Protein chains: 2
Amino acid sequence: MEDKRKVSIAVVKRLPRYYRYLYDLLKIGITRISSKELSERMGITASQIRQDLNCFGGFGQQGYGYNVESLFNEIANILGVNEKFNTIIIGAGNMGQALANYSNFEKRGFRHVGIFDVNPNVIGKKINNLTVMHMNELDEFVKKNKVDIAMITVPYDQTPVVAEKLVELGIKGLWNFSPMDLKLSGDVIVENVHLSDSLMVLGYKLKEKYGRK
Amino acid sequence: MEDKRKVSIAVVKRLPRYYRYLYDLLKIGITRISSKELSERMGITASQIRQDLNCFGGFGQQGYGYNVESLFNEIANILGVNEKFNTIIIGAGNMGQALANYSNFEKRGFRHVGIFDVNPNVIGKKINNLTVMHMNELDEFVKKNKVDIAMITVPYDQTPVVAEKLVELGIKGLWNFSPMDLKLSGDVIVENVHLSDSLMVLGYKLKEKYGRK
DNA sequence: TAGATTGTTAATCGATTAACAATC
DNA sequence: TAGATTGTTAATCGATTAACAATC
């Protein structure tokens, strides 16, 4: 079951999308689905769906299709939804607070266990069951608690030093909201949310399709 | 100069990254750079850089490389940084407020011109020069002002109807923060920021690399 | 059983990388 | 001029799509 060959990142990036569609199907009471029907809903080919799923196992049945609930559970397991990743948020500005309040993450296996800042105006503030702590409490907190992922929402110029510190503390996953590529020495996985990059791609597409204004 | 052949989305998605690296080079006073040196900084091949840039024009010079400032300006133009896209934010919760306060967008050609919500607690609130308006003022506002992009940060269940309304109002670019794929009838470009998808990919990678906990 | 649909192999397509002639 | 480096063509690699035998 473990990787015969490494699953390509293109496939991995589609998994959350399968997860969403299967969840929705489950919610509306559909119990079985063929790759063909799912392909029509998702706007990708049935072939791709079958190829993608078969990276992880043979979840379907010839002549029948896929059982929605069991396929949903398989995808959930592959994505680690049942693993319970503990997360901390670094930076309690609007973005940090938005993440703290975002209820979706909990459902998907991520639990916020701490939020940190240096601004005295927010330290001590209660946000969705968490109390904002000062950054100088970070070391001790990470040593006492299991922390899998740190979400970085600090200002641009503080990002590199904060990221480096998180790696030193042994945190293995960084979710980076700063518009920069982190160059880190240690053993860590970084996933970026480059908002302005995404917005610029939208701008480009608008310009291409609708021309210069 | 206009598209001989359509530029692939893979290339377009790299443009903002070139933009960032060139900006940084400019800032530290580097005036020329070869594809080889840039490739080392960015962690991609020199070949890819040259291929990418040549989708848009021959910006370099044999034996010399690329002039950083002029290449930066070319990329900026390609991305439409000088176009001034007007944006509105739908939803003035934490995420909407975070976007309203995010100074990066302005530098890259995007200007917030309005922010809307239905919650009486935030209507009238001043956020970074903008005053939160009620959603029932949206129609009139869009008719009176040029709006290129709407950023959707409303709760999950309100997203489809809000998105549909924005398309009806003739807005051509949607930046969607809801974890759903918008299925819209009209003529519109949608760019998604699926935060929980991104986080789940991080979770998957952690699980793969560091195993089940 | 017959029909449907998977799992999987083979074909195609597109993107990345390599190579090198052109030229500054 | 000689050296460097582009622009561009060709080769490779990987991802997507098509096809179909296996089988429920």
# chains A, B, ... in the order shown; residues from 1 in each chain; ligands from 1
$ residues_around --residues "Met151 of chain A" --least-positions-apart "2" --cutoff "12 Å" --atoms "only C-alpha atoms (C1' of nucleotides)" --output "PyMOL selection string"
(chain A and resi 86-92+95-100+110-116+147-149+153-154+159+162-163+166+171-178+190-193) or (chain B and resi 195+198-199+202)
$ select_by_dssp --residues "segment 49-98 of chain A" --states "alpha helix (DSSP H)" --output "ChimeraX atom specification"
/A:49-53,68-79,94-98
$ atom_distance --atom1 "atom CA of Met135 of chain A" --atom2 "atom CA of Met200 of chain B"
26.2 Å
$ atom_distance --atom1 "atom C1' of DA22 of chain C" --atom2 "atom C1' of DT9 of chain D"
12.5 Å
$ interface_residues --of "chain D" --to "chain A" --cutoff "9 Å" --atoms "only C-alpha atoms (C1' of nucleotides)" --output "MDAnalysis selection string"
chainID D and resid 15:18 22:24
$ write_last_selection --atoms "N, CA, C and O atoms (P, O5', C5', C4', C3', O3' and C1' of nucleotides)" --output "CSV table (one decimal), in the first residue's frame"
chain,number,residue,atom,x,y,z
D,15,DA,P,4.1,13.9,-13.7
D,15,DA,O5',2.9,14.8,-14.0
D,15,DA,C5',2.9,15.8,-15.0
D,15,DA,C4',1.7,15.7,-15.9
D,15,DA,C3',0.5,15.1,-15.3
D,15,DA,O3',-0.6,15.8,-15.8
D,15,DA,C1',1.0,14.0,-17.3
D,16,DT,P,-2.1,15.7,-15.1
D,16,DT,O5',-3.0,15.5,-16.4
D,16,DT,C5',-2.7,16.3,-17.6
D,16,DT,C4',-3.3,15.5,-18.8
D,16,DT,C3',-4.7,15.0,-18.6
D,16,DT,O3',-5.5,15.6,-19.6
D,16,DT,C1',-3.3,13.3,-19.5
D,17,DT,P,-7.1,15.3,-19.7
D,17,DT,O5',-7.1,14.1,-20.8
D,17,DT,C5',-6.5,14.4,-22.1
D,17,DT,C4',-6.6,13.1,-22.9
D,17,DT,C3',-8.0,12.5,-22.9
D,17,DT,O3',-8.4,12.4,-24.3
D,17,DT,C1',-6.4,10.9,-22.4
D,18,DA,P,-9.7,11.7,-24.8
D,18,DA,O5',-9.2,10.2,-25.2
D,18,DA,C5',-8.1,10.1,-26.0
D,18,DA,C4',-7.8,8.7,-26.4
D,18,DA,C3',-9.1,7.9,-26.7
D,18,DA,O3',-8.8,7.1,-27.8
D,18,DA,C1',-7.9,6.8,-24.9
D,22,DA,P,-8.2,-10.2,-20.5
D,22,DA,O5',-8.8,-9.5,-19.2
D,22,DA,C5',-7.9,-8.9,-18.2
D,22,DA,C4',-8.7,-8.6,-17.0
D,22,DA,C3',-9.4,-9.8,-16.3
D,22,DA,O3',-9.2,-9.6,-14.9
D,22,DA,C1',-11.0,-8.1,-16.9
D,23,DT,P,-9.9,-10.6,-13.9
D,23,DT,O5',-11.3,-9.9,-13.6
D,23,DT,C5',-11.4,-8.8,-12.7
D,23,DT,C4',-12.9,-8.6,-12.6
D,23,DT,C3',-13.7,-9.8,-12.2
D,23,DT,O3',-14.6,-9.4,-11.2
D,23,DT,C1',-14.7,-8.7,-13.9
D,24,DC,P,-14.3,-9.7,-9.6
D,24,DC,O5',-15.4,-8.9,-8.8
D,24,DC,C5',-15.5,-7.5,-8.9
D,24,DC,C4',-16.9,-7.1,-9.3
D,24,DC,C3',-18.0,-7.9,-8.7
D,24,DC,O3',-18.6,-7.1,-7.7
D,24,DC,C1',-18.5,-7.4,-11.0
$ select_by_dssp --residues "chain B" --states "strand (DSSP E)" --output "number ranges by chain"
B: 32-33, 66-67, 85-90, 110-117, 126-127, 130-134, 149-152, 173-176, 189-192
$ atom_distance --atom1 "atom CA of Arg14 of chain A" --atom2 "atom CA of Gly80 of chain A"
14.6 Å
$ closest_residue --among "A:Thr131, A:Ser185, A:Asn121, A:Asn82" --to "chain B" --atoms "only C-alpha atoms"
A:Asn82
